[in-house]
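Structure file target.cif with mmCIF, N, CA and C atoms:
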```cif
data_query
loop_
_atom_site.label_atom_id
_atom_site.label_comp_id
_atom_site.auth_asym_id
_atom_site.auth_seq_id
_atom_site.Cartn_x
_atom_site.Cartn_y
_atom_site.Cartn_z
N VAL O 115 3.76 -8.08 -4.87
CA VAL O 115 2.44 -7.59 -4.50
C VAL O 115 2.29 -6.13 -4.92
N LEU O 116 3.32 -5.32 -4.72
CA LEU O 116 3.26 -3.90 -5.07
C LEU O 116 2.99 -3.72 -6.56
N ALA O 117 3.69 -4.46 -7.40
CA ALA O 117 3.49 -4.32 -8.85
C ALA O 117 2.06 -4.67 -9.23
N PHE O 118 1.50 -5.68 -8.58
CA PHE O 118 0.11 -6.06 -8.86
C PHE O 118 -0.83 -4.93 -8.48
N ALA O 119 -0.63 -4.32 -7.31
CA ALA O 119 -1.49 -3.24 -6.87
C ALA O 119 -1.41 -2.04 -7.82
N LEU O 120 -0.21 -1.72 -8.27
CA LEU O 120 -0.05 -0.58 -9.17
C LEU O 120 -0.68 -0.87 -10.53
N ALA O 121 -0.54 -2.08 -10.99
CA ALA O 121 -1.07 -2.43 -12.30
C ALA O 121 -2.60 -2.35 -12.32
N ASN O 122 -3.23 -2.58 -11.19
CA ASN O 122 -4.68 -2.56 -11.11
C ASN O 122 -5.23 -1.24 -10.58
N ALA O 123 -4.39 -0.22 -10.46
CA ALA O 123 -4.79 1.11 -10.04
C ALA O 123 -5.50 1.10 -8.71
N GLU O 124 -5.06 0.27 -7.82
CA GLU O 124 -5.62 0.24 -6.48
C GLU O 124 -4.82 1.16 -5.58
N VAL O 125 -5.43 1.56 -4.49
CA VAL O 125 -4.72 2.34 -3.49
C VAL O 125 -3.66 1.43 -2.87
N VAL O 126 -2.42 1.89 -2.87
CA VAL O 126 -1.31 1.11 -2.31
C VAL O 126 -1.31 1.29 -0.80
N LYS O 127 -1.28 0.20 -0.08
CA LYS O 127 -1.25 0.22 1.38
C LYS O 127 0.20 0.35 1.83
N LEU O 128 0.51 1.46 2.48
CA LEU O 128 1.86 1.70 2.96
C LEU O 128 2.04 1.22 4.39
N THR O 129 3.28 0.84 4.70
CA THR O 129 3.68 0.48 6.06
C THR O 129 5.03 1.13 6.31
N ALA O 130 5.52 0.99 7.51
CA ALA O 130 6.87 1.50 7.80
C ALA O 130 7.89 0.77 6.94
N ASP O 131 7.63 -0.48 6.60
CA ASP O 131 8.58 -1.29 5.83
C ASP O 131 8.64 -0.90 4.35
N ASN O 132 7.53 -0.45 3.76
CA ASN O 132 7.57 -0.14 2.32
C ASN O 132 7.44 1.35 2.01
N PHE O 133 7.28 2.20 3.00
CA PHE O 133 7.06 3.63 2.77
C PHE O 133 8.15 4.24 1.90
N ASP O 134 9.40 4.11 2.30
CA ASP O 134 10.49 4.73 1.54
C ASP O 134 10.60 4.15 0.13
N GLU O 135 10.42 2.85 0.00
CA GLU O 135 10.52 2.21 -1.32
C GLU O 135 9.47 2.77 -2.28
N VAL O 136 8.26 2.98 -1.80
CA VAL O 136 7.18 3.47 -2.66
C VAL O 136 7.24 4.99 -2.81
N VAL O 137 7.26 5.69 -1.70
CA VAL O 137 7.10 7.15 -1.72
C VAL O 137 8.35 7.87 -2.24
N MET O 138 9.51 7.38 -1.90
CA MET O 138 10.74 8.06 -2.30
C MET O 138 11.24 7.65 -3.68
N ASN O 139 10.48 6.84 -4.40
CA ASN O 139 10.81 6.43 -5.76
C ASN O 139 10.78 7.66 -6.66
N LYS O 140 11.93 8.06 -7.18
CA LYS O 140 12.04 9.28 -7.99
C LYS O 140 11.45 9.12 -9.39
N GLU O 141 10.92 7.95 -9.70
CA GLU O 141 10.26 7.74 -10.99
C GLU O 141 8.74 7.82 -10.87
N LYS O 142 8.25 8.04 -9.66
CA LYS O 142 6.81 8.08 -9.42
C LYS O 142 6.42 9.34 -8.64
N ASN O 143 5.25 9.86 -8.96
CA ASN O 143 4.60 10.89 -8.16
C ASN O 143 3.69 10.13 -7.20
N VAL O 144 3.77 10.42 -5.92
CA VAL O 144 3.02 9.64 -4.94
C VAL O 144 2.19 10.57 -4.06
N PHE O 145 0.89 10.28 -3.98
CA PHE O 145 -0.03 11.05 -3.14
C PHE O 145 -0.41 10.13 -1.97
N VAL O 146 -0.12 10.58 -0.75
CA VAL O 146 -0.32 9.75 0.43
C VAL O 146 -1.40 10.33 1.33
N LYS O 147 -2.30 9.46 1.76
CA LYS O 147 -3.28 9.80 2.78
C LYS O 147 -2.83 9.15 4.08
N PHE O 148 -2.50 9.97 5.07
CA PHE O 148 -2.20 9.48 6.40
C PHE O 148 -3.54 9.48 7.14
N PHE O 149 -3.97 8.31 7.63
CA PHE O 149 -5.31 8.21 8.21
C PHE O 149 -5.30 7.44 9.52
N ALA O 150 -6.44 7.52 10.20
CA ALA O 150 -6.71 6.71 11.39
C ALA O 150 -8.01 5.95 11.12
N PRO O 151 -8.05 4.67 11.45
CA PRO O 151 -9.25 3.87 11.16
C PRO O 151 -10.52 4.41 11.84
N TRP O 152 -10.38 5.05 12.97
CA TRP O 152 -11.53 5.58 13.71
C TRP O 152 -11.96 6.96 13.24
N CYS O 153 -11.24 7.55 12.30
CA CYS O 153 -11.50 8.93 11.83
C CYS O 153 -12.68 8.95 10.86
N GLY O 154 -13.75 9.64 11.23
CA GLY O 154 -14.93 9.73 10.38
C GLY O 154 -14.66 10.41 9.05
N HIS O 155 -13.86 11.48 9.06
CA HIS O 155 -13.52 12.17 7.81
C HIS O 155 -12.74 11.24 6.87
N CYS O 156 -11.86 10.43 7.44
CA CYS O 156 -11.06 9.49 6.64
C CYS O 156 -11.97 8.46 5.97
N VAL O 157 -12.91 7.94 6.74
CA VAL O 157 -13.84 6.93 6.22
C VAL O 157 -14.69 7.53 5.10
N ARG O 158 -15.17 8.76 5.31
CA ARG O 158 -16.02 9.40 4.30
C ARG O 158 -15.28 9.71 3.02
N MET O 159 -13.98 9.98 3.09
CA MET O 159 -13.26 10.32 1.85
C MET O 159 -12.68 9.08 1.16
N ALA O 160 -12.79 7.91 1.76
CA ALA O 160 -12.24 6.69 1.16
C ALA O 160 -12.75 6.43 -0.26
N PRO O 161 -14.05 6.59 -0.55
CA PRO O 161 -14.50 6.35 -1.93
C PRO O 161 -13.85 7.31 -2.94
N ALA O 162 -13.65 8.56 -2.58
CA ALA O 162 -13.00 9.52 -3.48
C ALA O 162 -11.54 9.14 -3.70
N TRP O 163 -10.88 8.63 -2.66
CA TRP O 163 -9.47 8.22 -2.76
C TRP O 163 -9.36 7.03 -3.71
N GLU O 164 -10.29 6.08 -3.59
CA GLU O 164 -10.33 4.92 -4.49
C GLU O 164 -10.61 5.37 -5.92
N GLU O 165 -11.56 6.26 -6.09
CA GLU O 165 -11.89 6.78 -7.43
C GLU O 165 -10.68 7.47 -8.05
N LEU O 166 -9.98 8.26 -7.24
CA LEU O 166 -8.78 8.95 -7.72
C LEU O 166 -7.75 7.96 -8.24
N SER O 167 -7.59 6.84 -7.54
CA SER O 167 -6.58 5.85 -7.95
C SER O 167 -6.87 5.29 -9.34
N ASN O 168 -8.13 5.33 -9.76
CA ASN O 168 -8.50 4.85 -11.09
C ASN O 168 -8.45 5.93 -12.16
N GLN O 169 -8.22 7.18 -11.75
CA GLN O 169 -8.23 8.30 -12.70
C GLN O 169 -6.84 8.82 -13.04
N VAL O 170 -5.83 8.42 -12.31
CA VAL O 170 -4.49 8.97 -12.52
C VAL O 170 -3.68 8.08 -13.46
N GLY O 171 -2.62 8.64 -14.02
CA GLY O 171 -1.78 7.91 -14.95
C GLY O 171 -0.83 6.95 -14.25
N ASP O 172 -0.08 6.23 -15.06
CA ASP O 172 0.83 5.21 -14.54
C ASP O 172 1.95 5.76 -13.68
N ASP O 173 2.28 7.04 -13.84
CA ASP O 173 3.39 7.59 -13.06
C ASP O 173 2.93 8.23 -11.75
N VAL O 174 1.64 8.04 -11.40
CA VAL O 174 1.11 8.54 -10.13
C VAL O 174 0.62 7.37 -9.30
N VAL O 175 1.09 7.32 -8.06
CA VAL O 175 0.67 6.29 -7.12
C VAL O 175 -0.21 6.94 -6.06
N ILE O 176 -1.37 6.37 -5.83
CA ILE O 176 -2.26 6.81 -4.75
C ILE O 176 -2.09 5.79 -3.63
N ALA O 177 -1.75 6.28 -2.45
CA ALA O 177 -1.40 5.38 -1.35
C ALA O 177 -1.98 5.88 -0.04
N ASP O 178 -2.07 4.98 0.92
CA ASP O 178 -2.45 5.42 2.26
C ASP O 178 -1.65 4.69 3.32
N LEU O 179 -1.56 5.34 4.47
CA LEU O 179 -0.80 4.80 5.60
C LEU O 179 -1.65 4.95 6.85
N ASP O 180 -1.86 3.85 7.56
CA ASP O 180 -2.54 3.90 8.85
C ASP O 180 -1.57 4.51 9.85
N ALA O 181 -1.78 5.78 10.15
CA ALA O 181 -0.85 6.51 11.02
C ALA O 181 -0.88 6.03 12.46
N THR O 182 -1.95 5.35 12.85
CA THR O 182 -2.01 4.83 14.22
C THR O 182 -1.13 3.59 14.36
N GLN O 183 -0.89 2.89 13.27
CA GLN O 183 -0.04 1.70 13.29
C GLN O 183 1.41 2.02 12.98
N HIS O 184 1.64 3.15 12.33
CA HIS O 184 2.99 3.52 11.89
C HIS O 184 3.29 4.96 12.32
N GLN O 185 3.29 5.16 13.64
CA GLN O 185 3.42 6.49 14.21
C GLN O 185 4.77 7.14 13.91
N ALA O 186 5.83 6.37 13.82
CA ALA O 186 7.14 6.96 13.54
C ALA O 186 7.16 7.61 12.15
N VAL O 187 6.54 6.95 11.17
CA VAL O 187 6.50 7.51 9.81
C VAL O 187 5.63 8.77 9.79
N SER O 188 4.45 8.69 10.38
CA SER O 188 3.56 9.85 10.35
C SER O 188 4.16 11.03 11.12
N SER O 189 4.83 10.75 12.20
CA SER O 189 5.48 11.81 12.97
C SER O 189 6.59 12.48 12.16
N LYS O 190 7.35 11.69 11.43
CA LYS O 190 8.43 12.21 10.59
C LYS O 190 7.92 13.24 9.59
N TYR O 191 6.68 13.06 9.13
CA TYR O 191 6.11 13.96 8.13
C TYR O 191 5.13 14.97 8.74
N GLY O 192 5.19 15.14 10.05
CA GLY O 192 4.42 16.19 10.71
C GLY O 192 2.92 15.98 10.75
N VAL O 193 2.49 14.74 10.72
CA VAL O 193 1.05 14.46 10.76
C VAL O 193 0.53 14.69 12.17
N ARG O 194 -0.46 15.58 12.27
CA ARG O 194 -1.04 15.91 13.57
C ARG O 194 -2.55 15.71 13.60
N GLY O 195 -3.16 15.56 12.44
CA GLY O 195 -4.60 15.36 12.35
C GLY O 195 -4.91 14.43 11.19
N PHE O 196 -6.17 13.99 11.14
CA PHE O 196 -6.55 13.00 10.13
C PHE O 196 -7.79 13.45 9.36
N PRO O 197 -7.83 13.16 8.07
CA PRO O 197 -6.70 12.67 7.28
C PRO O 197 -5.72 13.80 6.96
N THR O 198 -4.48 13.47 6.83
CA THR O 198 -3.47 14.39 6.34
C THR O 198 -3.06 13.88 4.96
N LEU O 199 -3.12 14.77 3.96
CA LEU O 199 -2.78 14.40 2.60
C LEU O 199 -1.51 15.12 2.19
N LYS O 200 -0.54 14.35 1.68
CA LYS O 200 0.72 14.93 1.23
C LYS O 200 1.08 14.33 -0.12
N PHE O 201 1.53 15.22 -1.01
CA PHE O 201 1.92 14.81 -2.35
C PHE O 201 3.44 14.85 -2.45
N PHE O 202 4.00 13.76 -2.95
CA PHE O 202 5.44 13.61 -3.12
C PHE O 202 5.75 13.46 -4.61
N PRO O 203 5.87 14.60 -5.34
CA PRO O 203 6.18 14.49 -6.76
C PRO O 203 7.60 13.97 -6.98
N LYS O 204 7.86 13.54 -8.20
CA LYS O 204 9.18 12.98 -8.55
C LYS O 204 10.32 13.91 -8.17
N ASN O 205 10.13 15.20 -8.36
CA ASN O 205 11.23 16.15 -8.18
C ASN O 205 11.28 16.80 -6.79
N ASP O 206 10.39 16.40 -5.86
CA ASP O 206 10.39 16.99 -4.52
C ASP O 206 9.77 16.00 -3.55
N LYS O 207 10.60 15.27 -2.86
CA LYS O 207 10.11 14.23 -1.96
C LYS O 207 9.94 14.71 -0.52
N SER O 208 9.74 16.03 -0.33
CA SER O 208 9.55 16.56 1.02
C SER O 208 8.11 16.41 1.50
N GLY O 209 7.16 16.24 0.60
CA GLY O 209 5.77 16.07 0.98
C GLY O 209 5.01 17.37 0.99
N LYS O 210 4.39 17.71 -0.13
CA LYS O 210 3.63 18.95 -0.26
C LYS O 210 2.22 18.73 0.31
N PRO O 211 1.83 19.54 1.31
CA PRO O 211 0.52 19.33 1.93
C PRO O 211 -0.63 19.73 1.01
N TYR O 212 -1.74 19.01 1.14
CA TYR O 212 -2.96 19.31 0.39
C TYR O 212 -4.00 19.80 1.38
N GLN O 213 -4.63 20.93 1.06
CA GLN O 213 -5.61 21.53 1.97
C GLN O 213 -6.99 21.72 1.33
N GLY O 214 -7.19 21.24 0.12
CA GLY O 214 -8.43 21.52 -0.61
C GLY O 214 -9.57 20.56 -0.32
N ALA O 215 -10.55 20.60 -1.22
CA ALA O 215 -11.73 19.74 -1.13
C ALA O 215 -11.33 18.28 -1.25
N ARG O 216 -12.12 17.41 -0.68
CA ARG O 216 -11.76 16.00 -0.59
C ARG O 216 -12.52 15.14 -1.59
N ASP O 217 -12.79 15.69 -2.79
CA ASP O 217 -13.44 14.91 -3.84
C ASP O 217 -12.39 14.56 -4.90
N ALA O 218 -12.66 13.52 -5.67
CA ALA O 218 -11.69 13.01 -6.64
C ALA O 218 -11.27 14.07 -7.65
N ALA O 219 -12.21 14.88 -8.14
CA ALA O 219 -11.88 15.89 -9.15
C ALA O 219 -10.90 16.93 -8.60
N SER O 220 -11.13 17.40 -7.37
CA SER O 220 -10.24 18.39 -6.76
C SER O 220 -8.87 17.80 -6.49
N LEU O 221 -8.84 16.56 -6.02
CA LEU O 221 -7.57 15.88 -5.73
C LEU O 221 -6.77 15.70 -7.02
N LYS O 222 -7.45 15.29 -8.08
CA LYS O 222 -6.78 15.09 -9.37
C LYS O 222 -6.24 16.41 -9.91
N SER O 223 -7.01 17.46 -9.77
CA SER O 223 -6.58 18.79 -10.22
C SER O 223 -5.31 19.23 -9.46
N PHE O 224 -5.26 18.95 -8.18
CA PHE O 224 -4.07 19.27 -7.38
C PHE O 224 -2.86 18.52 -7.90
N ILE O 225 -3.02 17.25 -8.18
CA ILE O 225 -1.92 16.45 -8.72
C ILE O 225 -1.42 17.06 -10.04
N GLU O 226 -2.37 17.31 -10.94
CA GLU O 226 -2.01 17.83 -12.27
C GLU O 226 -1.30 19.19 -12.17
N GLY O 227 -1.65 19.98 -11.17
CA GLY O 227 -1.03 21.28 -11.00
C GLY O 227 0.33 21.22 -10.33
N ASN O 228 0.72 20.04 -9.87
CA ASN O 228 1.98 19.92 -9.12
C ASN O 228 2.96 18.92 -9.71
N ILE O 229 2.70 18.46 -10.94
CA ILE O 229 3.68 17.56 -11.57
C ILE O 229 4.23 18.18 -12.83
#
```
What do you get writing this file as structure tokens?
Amino acid sequence: VLAFALANAEVVKLTADNFDEVVMNKEKNVFVKFFAPWCGHCVRMAPAWEELSNQVGDDVVIADLDATQHQAVSSKYGVRGFPTLKFFPKNDKSGKPYQGARDAASLKSFIEGNI
């Protein structure tokens, strides 16, 4: 299923079971949105997140994690508000926080500046 999602440039749905497999893959740059389904800001930025997934190259994965369902994972990465965006480039899997505008162009520019 994961290979299919990546091949079609869709946002990869993360869970506690697949988080490490996807995010910690040292051959991929991974941008993760930690979200809550009830979060208005998360809902409003969803179209930009989807658009971003269609604009990045094969070595970048755009993913999201429902932090309300996977609290242990979100807690591990210091998620305290929603949405929290963290970029995990190939060479640094600590999770670089993103604080900028929530449009696809700004998000893509952040990725390009950090890989």
task = For Val146 in chain O, list every protein, DNA or RNA residue within 8 Å, evaluated using all atoms listed in the file, and leave out those in the same chain fewer than 3 positions away; present the list as a PyMOL selection string.
result = chain O and resi 143+149+175-179+197-202
The PyMOL selection byres (((chain O and resi 173 and name CA) around 12) and name CA) applied to the shown file, residues as a short mmCIF file (atom, residue, chain, number, x, y, z; two decimals) with N, CA and C atoms, in the coordinates of the input:
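Result written to result-v7.cif:
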```cif
data_model
loop_
_atom_site.label_atom_id
_atom_site.label_comp_id
_atom_site.auth_asym_id
_atom_site.auth_seq_id
_atom_site.Cartn_x
_atom_site.Cartn_y
_atom_site.Cartn_z
N LEU O 120 -0.21 -1.72 -8.27
CA LEU O 120 -0.05 -0.58 -9.17
C LEU O 120 -0.68 -0.87 -10.53
N ALA O 121 -0.54 -2.08 -10.99
CA ALA O 121 -1.07 -2.43 -12.30
C ALA O 121 -2.60 -2.35 -12.32
N ALA O 123 -4.39 -0.22 -10.46
CA ALA O 123 -4.79 1.11 -10.04
C ALA O 123 -5.50 1.10 -8.71
N VAL O 136 8.26 2.98 -1.80
CA VAL O 136 7.18 3.47 -2.66
C VAL O 136 7.24 4.99 -2.81
N VAL O 137 7.26 5.69 -1.70
CA VAL O 137 7.10 7.15 -1.72
C VAL O 137 8.35 7.87 -2.24
N ASN O 139 10.48 6.84 -4.40
CA ASN O 139 10.81 6.43 -5.76
C ASN O 139 10.78 7.66 -6.66
N LYS O 140 11.93 8.06 -7.18
CA LYS O 140 12.04 9.28 -7.99
C LYS O 140 11.45 9.12 -9.39
N GLU O 141 10.92 7.95 -9.70
CA GLU O 141 10.26 7.74 -10.99
C GLU O 141 8.74 7.82 -10.87
N LYS O 142 8.25 8.04 -9.66
CA LYS O 142 6.81 8.08 -9.42
C LYS O 142 6.42 9.34 -8.64
N ASN O 143 5.25 9.86 -8.96
CA ASN O 143 4.60 10.89 -8.16
C ASN O 143 3.69 10.13 -7.20
N VAL O 144 3.77 10.42 -5.92
CA VAL O 144 3.02 9.64 -4.94
C VAL O 144 2.19 10.57 -4.06
N PHE O 145 0.89 10.28 -3.98
CA PHE O 145 -0.03 11.05 -3.14
C PHE O 145 -0.41 10.13 -1.97
N SER O 167 -7.59 6.84 -7.54
CA SER O 167 -6.58 5.85 -7.95
C SER O 167 -6.87 5.29 -9.34
N GLN O 169 -8.22 7.18 -11.75
CA GLN O 169 -8.23 8.30 -12.70
C GLN O 169 -6.84 8.82 -13.04
N VAL O 170 -5.83 8.42 -12.31
CA VAL O 170 -4.49 8.97 -12.52
C VAL O 170 -3.68 8.08 -13.46
N GLY O 171 -2.62 8.64 -14.02
CA GLY O 171 -1.78 7.91 -14.95
C GLY O 171 -0.83 6.95 -14.25
N ASP O 172 -0.08 6.23 -15.06
CA ASP O 172 0.83 5.21 -14.54
C ASP O 172 1.95 5.76 -13.68
N VAL O 174 1.64 8.04 -11.40
CA VAL O 174 1.11 8.54 -10.13
C VAL O 174 0.62 7.37 -9.30
N VAL O 175 1.09 7.32 -8.06
CA VAL O 175 0.67 6.29 -7.12
C VAL O 175 -0.21 6.94 -6.06
N ILE O 176 -1.37 6.37 -5.83
CA ILE O 176 -2.26 6.81 -4.75
C ILE O 176 -2.09 5.79 -3.63
N PHE O 202 4.00 13.76 -2.95
CA PHE O 202 5.44 13.61 -3.12
C PHE O 202 5.75 13.46 -4.61
N PRO O 203 5.87 14.60 -5.34
CA PRO O 203 6.18 14.49 -6.76
C PRO O 203 7.60 13.97 -6.98
N LYS O 204 7.86 13.54 -8.20
CA LYS O 204 9.18 12.98 -8.55
C LYS O 204 10.32 13.91 -8.17
N ILE O 225 -3.02 17.25 -8.18
CA ILE O 225 -1.92 16.45 -8.72
C ILE O 225 -1.42 17.06 -10.04
N GLU O 226 -2.37 17.31 -10.94
CA GLU O 226 -2.01 17.83 -12.27
C GLU O 226 -1.30 19.19 -12.17
N ILE O 229 2.70 18.46 -10.94
CA ILE O 229 3.68 17.56 -11.57
C ILE O 229 4.23 18.18 -12.83
#
```
task = Do a neighbour search on Ala186 in chain O at 9 Å with only C-alpha atoms, toss out local chain neighbours closer than 5 positions, and write the hits as number ranges by chain.
result = O: 130, 181, 191
request  = Quick one: pick out all helix (DSSP H, G or I) residues within chain O from a backbone DSSP run and write them as a PyMOL selection string.
outcome  = chain O and resi 116-121+133-137+154-169+185-190+218-227
Sorted by chain and rising residue number, which residues of range 157-194 of chain O lie within 10 Å of range 213-221 of chain O, and what are their closest atom pairs and distances in Å to one decimal, counting only C-alpha atoms, as a tab-separated table?
```
residue	atom	partner	partner_atom	distance
O:Arg158	CA	O:Arg216	CA	9.3
O:Met159	CA	O:Arg216	CA	6.4
O:Ala160	CA	O:Arg216	CA	9.5
O:Pro161	CA	O:Ala218	CA	8.6
O:Ala162	CA	O:Ala218	CA	4.9
O:Trp163	CA	O:Ala218	CA	6.6
O:Glu164	CA	O:Ala218	CA	8.5
O:Glu165	CA	O:Ala218	CA	6.3
O:Leu166	CA	O:Ala218	CA	5.1
O:Ser167	CA	O:Ala218	CA	8.9
O:Asn168	CA	O:Ala218	CA	9.8
O:Gln169	CA	O:Ala218	CA	8.4
```
message = So, with only N, CA and C atoms as the atoms that count, which of O:His184, O:Glu124, O:Thr129, O:Phe196 lies closest to Cys153 in chain O?
response = O:Phe196
Would you return as a PDB file with N, CA and C atoms, in the frame of the given file the members of chain O that DSSP assigns to strand (DSSP E or B) on this structure's backbone?
```
ATOM      1  N   VAL O 126      -2.420   1.890  -2.870  1.00  0.00           N
ATOM      2  CA  VAL O 126      -1.310   1.110  -2.310  1.00  0.00           C
ATOM      3  C   VAL O 126      -1.310   1.290  -0.800  1.00  0.00           C
ATOM      4  N   LYS O 127      -1.280   0.200  -0.080  1.00  0.00           N
ATOM      5  CA  LYS O 127      -1.250   0.220   1.380  1.00  0.00           C
ATOM      6  C   LYS O 127       0.200   0.350   1.830  1.00  0.00           C
ATOM      7  N   LEU O 128       0.510   1.460   2.480  1.00  0.00           N
ATOM      8  CA  LEU O 128       1.860   1.700   2.960  1.00  0.00           C
ATOM      9  C   LEU O 128       2.040   1.220   4.390  1.00  0.00           C
ATOM     10  N   ASN O 143       5.250   9.860  -8.960  1.00  0.00           N
ATOM     11  CA  ASN O 143       4.600  10.890  -8.160  1.00  0.00           C
ATOM     12  C   ASN O 143       3.690  10.130  -7.200  1.00  0.00           C
ATOM     13  N   VAL O 144       3.770  10.420  -5.920  1.00  0.00           N
ATOM     14  CA  VAL O 144       3.020   9.640  -4.940  1.00  0.00           C
ATOM     15  C   VAL O 144       2.190  10.570  -4.060  1.00  0.00           C
ATOM     16  N   PHE O 145       0.890  10.280  -3.980  1.00  0.00           N
ATOM     17  CA  PHE O 145      -0.030  11.050  -3.140  1.00  0.00           C
ATOM     18  C   PHE O 145      -0.410  10.130  -1.970  1.00  0.00           C
ATOM     19  N   VAL O 146      -0.120  10.580  -0.750  1.00  0.00           N
ATOM     20  CA  VAL O 146      -0.320   9.750   0.430  1.00  0.00           C
ATOM     21  C   VAL O 146      -1.400  10.330   1.330  1.00  0.00           C
ATOM     22  N   LYS O 147      -2.300   9.460   1.760  1.00  0.00           N
ATOM     23  CA  LYS O 147      -3.280   9.800   2.780  1.00  0.00           C
ATOM     24  C   LYS O 147      -2.830   9.150   4.080  1.00  0.00           C
ATOM     25  N   PHE O 148      -2.500   9.970   5.070  1.00  0.00           N
ATOM     26  CA  PHE O 148      -2.200   9.480   6.400  1.00  0.00           C
ATOM     27  C   PHE O 148      -3.540   9.480   7.140  1.00  0.00           C
ATOM     28  N   PHE O 149      -3.970   8.310   7.630  1.00  0.00           N
ATOM     29  CA  PHE O 149      -5.310   8.210   8.210  1.00  0.00           C
ATOM     30  C   PHE O 149      -5.300   7.440   9.520  1.00  0.00           C
ATOM     31  N   VAL O 174       1.640   8.040 -11.400  1.00  0.00           N
ATOM     32  CA  VAL O 174       1.110   8.540 -10.130  1.00  0.00           C
ATOM     33  C   VAL O 174       0.620   7.370  -9.300  1.00  0.00           C
ATOM     34  N   VAL O 175       1.090   7.320  -8.060  1.00  0.00           N
ATOM     35  CA  VAL O 175       0.670   6.290  -7.120  1.00  0.00           C
ATOM     36  C   VAL O 175      -0.210   6.940  -6.060  1.00  0.00           C
ATOM     37  N   ILE O 176      -1.370   6.370  -5.830  1.00  0.00           N
ATOM     38  CA  ILE O 176      -2.260   6.810  -4.750  1.00  0.00           C
ATOM     39  C   ILE O 176      -2.090   5.790  -3.630  1.00  0.00           C
ATOM     40  N   ALA O 177      -1.750   6.280  -2.450  1.00  0.00           N
ATOM     41  CA  ALA O 177      -1.400   5.380  -1.350  1.00  0.00           C
ATOM     42  C   ALA O 177      -1.980   5.880  -0.040  1.00  0.00           C
ATOM     43  N   ASP O 178      -2.070   4.980   0.920  1.00  0.00           N
ATOM     44  CA  ASP O 178      -2.450   5.420   2.260  1.00  0.00           C
ATOM     45  C   ASP O 178      -1.650   4.690   3.320  1.00  0.00           C
ATOM     46  N   LEU O 179      -1.560   5.340   4.470  1.00  0.00           N
ATOM     47  CA  LEU O 179      -0.800   4.800   5.600  1.00  0.00           C
ATOM     48  C   LEU O 179      -1.650   4.950   6.850  1.00  0.00           C
ATOM     49  N   ASP O 180      -1.860   3.850   7.560  1.00  0.00           N
ATOM     50  CA  ASP O 180      -2.540   3.900   8.850  1.00  0.00           C
ATOM     51  C   ASP O 180      -1.570   4.510   9.850  1.00  0.00           C
ATOM     52  N   THR O 198      -4.480  13.470   6.830  1.00  0.00           N
ATOM     53  CA  THR O 198      -3.470  14.390   6.340  1.00  0.00           C
ATOM     54  C   THR O 198      -3.060  13.880   4.960  1.00  0.00           C
ATOM     55  N   LEU O 199      -3.120  14.770   3.960  1.00  0.00           N
ATOM     56  CA  LEU O 199      -2.780  14.400   2.600  1.00  0.00           C
ATOM     57  C   LEU O 199      -1.510  15.120   2.190  1.00  0.00           C
ATOM     58  N   LYS O 200      -0.540  14.350   1.680  1.00  0.00           N
ATOM     59  CA  LYS O 200       0.720  14.930   1.230  1.00  0.00           C
ATOM     60  C   LYS O 200       1.080  14.330  -0.120  1.00  0.00           C
ATOM     61  N   PHE O 201       1.530  15.220  -1.010  1.00  0.00           N
ATOM     62  CA  PHE O 201       1.920  14.810  -2.350  1.00  0.00           C
ATOM     63  C   PHE O 201       3.440  14.850  -2.450  1.00  0.00           C
ATOM     64  N   PHE O 202       4.000  13.760  -2.950  1.00  0.00           N
ATOM     65  CA  PHE O 202       5.440  13.610  -3.120  1.00  0.00           C
ATOM     66  C   PHE O 202       5.750  13.460  -4.610  1.00  0.00           C
ATOM     67  N   LYS O 210       4.390  17.710  -0.130  1.00  0.00           N
ATOM     68  CA  LYS O 210       3.630  18.950  -0.260  1.00  0.00           C
ATOM     69  C   LYS O 210       2.220  18.730   0.310  1.00  0.00           C
ATOM     70  N   PRO O 211       1.830  19.540   1.310  1.00  0.00           N
ATOM     71  CA  PRO O 211       0.520  19.330   1.930  1.00  0.00           C
ATOM     72  C   PRO O 211      -0.630  19.730   1.010  1.00  0.00           C
ATOM     73  N   TYR O 212      -1.740  19.010   1.140  1.00  0.00           N
ATOM     74  CA  TYR O 212      -2.960  19.310   0.390  1.00  0.00           C
ATOM     75  C   TYR O 212      -4.000  19.800   1.380  1.00  0.00           C
TER      76      TYR O 212
END
```
ask   = For the atom pair CA of Asn132 in chain O and atom N of Cys156 in chain O, what is the interatomic distance in Å to one decimal place?
value = 22.7 Å
key: atom C of Phe148 in chain O to CA of Asp131 in chain O, straight-line distance in Å   =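 Separation between CA of Asp131 in chain O and atom C of Phe148 in chain O: 16.3 Å.
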Rebuild range 219-223 of chain O to N, CA, C and O atoms - output it as a short mmCIF file (atom, residue, chain, number, x, y, z; two decimals), keeping the file's coordinate frame, please.
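Wrote it out as rebuild.cif, contents follow:
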```
data_model
loop_
_atom_site.label_atom_id
_atom_site.label_comp_id
_atom_site.auth_asym_id
_atom_site.auth_seq_id
_atom_site.Cartn_x
_atom_site.Cartn_y
_atom_site.Cartn_z
N ALA O 219 -12.21 14.88 -8.14
CA ALA O 219 -11.88 15.89 -9.15
C ALA O 219 -10.90 16.93 -8.60
O ALA O 219 -9.94 17.31 -9.27
N SER O 220 -11.13 17.40 -7.37
CA SER O 220 -10.24 18.39 -6.76
C SER O 220 -8.87 17.80 -6.49
O SER O 220 -7.84 18.45 -6.71
N LEU O 221 -8.84 16.56 -6.02
CA LEU O 221 -7.57 15.88 -5.73
C LEU O 221 -6.77 15.70 -7.02
O LEU O 221 -5.56 15.94 -7.06
N LYS O 222 -7.45 15.29 -8.08
CA LYS O 222 -6.78 15.09 -9.37
C LYS O 222 -6.24 16.41 -9.91
O LYS O 222 -5.12 16.47 -10.43
N SER O 223 -7.01 17.46 -9.77
CA SER O 223 -6.58 18.79 -10.22
C SER O 223 -5.31 19.23 -9.46
O SER O 223 -4.39 19.80 -10.06
#
```
